[in-house]
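What's in start.json: JSON, C-alpha atoms
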[["chain", "number", "residue", "atom", "x", "y", "z"],
["A", 874, "MET", "CA", 61.37, 94.81, 113.74],
["A", 875, "ILE", "CA", 59.52, 95.80, 110.56],
["A", 876, "ALA", "CA", 62.66, 97.44, 109.19],
["A", 877, "SER", "CA", 64.56, 94.21, 109.82],
["A", 878, "LEU", "CA", 61.97, 92.17, 107.91],
["A", 879, "VAL", "CA", 61.98, 94.63, 105.02],
["A", 880, "LEU", "CA", 65.80, 94.54, 104.89],
["A", 881, "ALA", "CA", 65.81, 90.73, 105.01],
["A", 882, "ALA", "CA", 63.27, 90.55, 102.19],
["A", 883, "ALA", "CA", 65.26, 93.03, 100.10],
["A", 884, "LEU", "CA", 68.46, 91.04, 100.61],
["A", 885, "SER", "CA", 66.84, 87.72, 99.76],
["A", 886, "ASN", "CA", 65.35, 89.14, 96.55],
["A", 887, "ALA", "CA", 68.55, 90.84, 95.45],
["A", 888, "ALA", "CA", 70.70, 89.26, 92.77],
["A", 889, "PRO", "CA", 73.64, 87.31, 94.22],
["A", 890, "ALA", "CA", 76.86, 89.26, 94.32],
["A", 891, "GLN", "CA", 79.39, 88.34, 91.67],
["A", 892, "ALA", "CA", 82.71, 87.22, 93.15],
["A", 893, "ALA", "CA", 85.95, 88.32, 91.57],
["A", 894, "SER", "CA", 86.71, 85.94, 88.71],
["A", 895, "ASN", "CA", 90.39, 85.70, 89.60],
["A", 896, "LEU", "CA", 89.51, 84.19, 93.00],
["A", 897, "LEU", "CA", 87.26, 81.51, 91.56],
["A", 898, "VAL", "CA", 89.68, 79.10, 89.95],
["A", 899, "PRO", "CA", 88.62, 75.44, 89.64],
["A", 900, "ALA", "CA", 90.43, 73.01, 91.93],
["A", 901, "SER", "CA", 91.90, 71.33, 88.86],
["A", 902, "GLN", "CA", 93.82, 74.55, 88.18],
["A", 903, "PRO", "CA", 95.87, 75.39, 91.27],
["A", 904, "ARG", "CA", 97.04, 78.97, 91.55],
["A", 905, "ASP", "CA", 100.46, 80.09, 92.75],
["A", 906, "ALA", "CA", 100.82, 83.22, 94.84],
["A", 907, "VAL", "CA", 104.20, 84.70, 95.75],
["A", 908, "ALA", "CA", 105.38, 86.95, 98.57],
["A", 909, "ILE", "CA", 108.87, 88.41, 98.90],
["A", 910, "LEU", "CA", 110.10, 88.80, 102.47],
["A", 911, "ASN", "CA", 113.05, 90.88, 103.65],
["A", 912, "CYS", "CA", 114.50, 89.23, 106.78],
["A", 913, "LEU", "CA", 117.43, 89.61, 109.15],
["A", 914, "VAL", "CA", 119.60, 86.49, 109.49],
["A", 915, "LYS", "CA", 120.34, 85.54, 113.11],
["A", 916, "ALA", "CA", 123.62, 83.93, 114.23],
["A", 917, "ASP", "CA", 122.05, 80.46, 114.04],
["A", 918, "GLY", "CA", 120.70, 80.98, 110.51],
["A", 919, "HIS", "CA", 117.09, 81.51, 111.53],
["A", 920, "LEU", "CA", 115.25, 84.58, 110.25],
["A", 921, "THR", "CA", 113.83, 87.45, 112.27],
["A", 922, "ALA", "CA", 112.46, 90.97, 111.78],
["A", 923, "CYS", "CA", 110.82, 90.01, 108.49],
["A", 924, "THR", "CA", 108.72, 92.43, 106.45],
["A", 925, "VAL", "CA", 106.72, 91.88, 103.28],
["A", 926, "GLU", "CA", 108.45, 93.58, 100.35],
["A", 927, "GLY", "CA", 105.79, 92.60, 97.85],
["A", 928, "GLU", "CA", 103.18, 89.99, 97.02],
["A", 929, "SER", "CA", 101.47, 88.86, 93.85],
["A", 930, "SER", "CA", 97.95, 88.66, 95.31],
["A", 931, "PRO", "CA", 97.50, 90.91, 98.36],
["A", 932, "GLU", "CA", 93.80, 90.03, 98.58],
["A", 933, "LEU", "CA", 94.72, 86.42, 99.37],
["A", 934, "GLY", "CA", 96.84, 87.29, 102.42],
["A", 935, "VAL", "CA", 99.92, 85.45, 101.15],
["A", 936, "GLY", "CA", 102.26, 88.03, 102.69],
["A", 937, "ASP", "CA", 100.73, 87.53, 106.14],
["A", 938, "ALA", "CA", 100.92, 83.75, 105.78],
["A", 939, "ALA", "CA", 104.58, 83.97, 104.72],
["A", 940, "LEU", "CA", 105.38, 86.17, 107.74],
["A", 941, "LYS", "CA", 103.84, 83.57, 110.07],
["A", 942, "MET", "CA", 105.98, 80.82, 108.52],
["A", 943, "ALA", "CA", 109.23, 82.83, 108.44],
["A", 944, "ALA", "CA", 110.22, 82.00, 112.03],
["A", 945, "GLN", "CA", 110.60, 78.36, 110.91],
["A", 946, "PHE", "CA", 112.92, 79.20, 108.00],
["A", 947, "GLN", "CA", 116.67, 78.73, 108.27],
["A", 948, "VAL", "CA", 119.33, 79.71, 105.75],
["A", 949, "ASP", "CA", 122.93, 78.65, 105.27],
["A", 950, "LEU", "CA", 125.15, 81.02, 107.21],
["A", 951, "LEU", "CA", 127.77, 81.12, 104.48],
["A", 952, "GLY", "CA", 126.75, 82.99, 101.36],
["A", 953, "PRO", "CA", 127.97, 82.20, 97.86],
["A", 954, "ASP", "CA", 130.95, 84.50, 98.47],
["A", 955, "GLY", "CA", 131.98, 82.47, 101.55],
["A", 956, "LYS", "CA", 131.11, 85.27, 103.99],
["A", 957, "SER", "CA", 128.73, 84.90, 106.91],
["A", 958, "ARG", "CA", 125.18, 86.14, 106.38],
["A", 959, "ALA", "CA", 124.57, 86.56, 110.13],
["A", 960, "GLY", "CA", 123.45, 90.10, 110.85],
["A", 961, "SER", "CA", 122.58, 90.86, 107.24],
["A", 962, "TYR", "CA", 119.24, 91.09, 105.48],
["A", 963, "VAL", "CA", 118.20, 88.62, 102.79],
["A", 964, "GLN", "CA", 115.25, 88.51, 100.45],
["A", 965, "VAL", "CA", 113.21, 85.33, 100.73],
["A", 966, "PRO", "CA", 110.68, 84.41, 98.04],
["A", 967, "VAL", "CA", 107.77, 82.36, 99.36],
["A", 968, "ARG", "CA", 105.49, 80.63, 96.87],
["A", 969, "ILE", "CA", 102.19, 79.20, 98.06],
["A", 970, "ARG", "CA", 100.04, 76.99, 95.84],
["A", 971, "ILE", "CA", 96.34, 77.58, 96.37],
["A", 972, "ARG", "CA", 93.84, 74.94, 95.35]]

Give the structure from the file, written as structure tokens.
Amino acid sequence: MIASLVLAAALSNAAPAQAASNLLVPASQPRDAVAILNCLVKADGHLTACTVEGESSPELGVGDAALKMAAQFQVDLLGPDGKSRAGSYVQVPVRIRIR
């Protein structure tokens, strides 16, 4: 009990921790974060088996958020070359604006 009170007093008297300056951006200056997903195209154009290839701000969890949204993404089955993308992997950039 005494140790708890001493710890609480020490914490309340300590200087507040400084947050990382890159996370504290005013709301008037939205910040974009990008994740690149690598996904398998299913026969209906939906994506599956996605993995995060890279992300601009890993500390923000943008890659995880992009993975959760990926099941809702759908791509055109025909690529620019006129061939079907079904069964192939595509890279999908996901940009999230953080306010």

Next item on the list: Find the residues around segment 922-924 of chain A up to 6 Å (only C-alpha atoms counted), leave out those fewer than 5 positions away in its own chain, and share them as a ChimeraX atom specification.
Entry: /A:910-913

If you keep C-alpha atoms, can you produce a file of those selected residues as a tab-separated table (two decimals), keeping the file's coordinate frame?
chain	number	residue	atom	x	y	z
A	910	LEU	CA	110.10	88.80	102.47
A	911	ASN	CA	113.05	90.88	103.65
A	912	CYS	CA	114.50	89.23	106.78
A	913	LEU	CA	117.43	89.61	109.15

Check: What does the distance between atom CA of Val935 of chain A and atom CA of Arg958 of chain A come to in Å, to one decimal place?
Finding: 25.8 Å

With only C-alpha atoms as the counted atoms, please give the residues lying no more than 12 Å from segment 937-940 of chain A, apart from itself and same-chain residues fewer than 5 positions off, as a short mmCIF file (atom, residue, chain, number, x, y, z; two decimals) with C-alpha atoms, in the frame of the given file.
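Output contents, as saved in around-v9.cif:
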data_model
loop_
_atom_site.label_atom_id
_atom_site.label_comp_id
_atom_site.auth_asym_id
_atom_site.auth_seq_id
_atom_site.Cartn_x
_atom_site.Cartn_y
_atom_site.Cartn_z
CA ALA A 906 100.82 83.22 94.84
CA VAL A 907 104.20 84.70 95.75
CA ALA A 908 105.38 86.95 98.57
CA ILE A 909 108.87 88.41 98.90
CA LEU A 910 110.10 88.80 102.47
CA ASN A 911 113.05 90.88 103.65
CA CYS A 912 114.50 89.23 106.78
CA LEU A 920 115.25 84.58 110.25
CA THR A 921 113.83 87.45 112.27
CA ALA A 922 112.46 90.97 111.78
CA CYS A 923 110.82 90.01 108.49
CA THR A 924 108.72 92.43 106.45
CA VAL A 925 106.72 91.88 103.28
CA GLU A 926 108.45 93.58 100.35
CA GLY A 927 105.79 92.60 97.85
CA GLU A 928 103.18 89.99 97.02
CA SER A 930 97.95 88.66 95.31
CA PRO A 931 97.50 90.91 98.36
CA GLU A 932 93.80 90.03 98.58
CA GLN A 945 110.60 78.36 110.91
CA PHE A 946 112.92 79.20 108.00
CA VAL A 965 113.21 85.33 100.73
CA PRO A 966 110.68 84.41 98.04
CA VAL A 967 107.77 82.36 99.36
CA ARG A 968 105.49 80.63 96.87
CA ILE A 969 102.19 79.20 98.06
#

Note to self: Counting all atoms listed in the file, which residue out of A:His919, A:Lys956, A:Arg970, A:Arg904 sits closest to Ala943 of chain A?
What the structure shows: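 Closest residue, counting all atoms listed in the file: A:His919.
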
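The nearest approach to Ala916 of chain A among the residues A:Gln964, A:Ala959, A:Ile971, A:Asp949, with all atoms listed in the file taken into account, belongs to A:Ala959.
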
Note to self: One decimal, in Å: what's the spacing between atom CA of Asp905 of chain A and atom CA of Lys941 of chain A?
What the structure shows: 18.0 Å

Check: What is the distance, in Å and to one decimal place, between atom CA of Tyr962 of chain A and atom CA of Val914 of chain A?
Finding: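 Distance reported for this atom pair: 6.1 Å.
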
Next item on the list: Within 7 Å of (120.6, 79.4, 107.5) (coordinates as in the file), grab all the protein and nucleic acid residues, counting all atoms listed in the file, and write them out as a PyMOL selection string.
Entry: chain A and resi 917-919+947-950
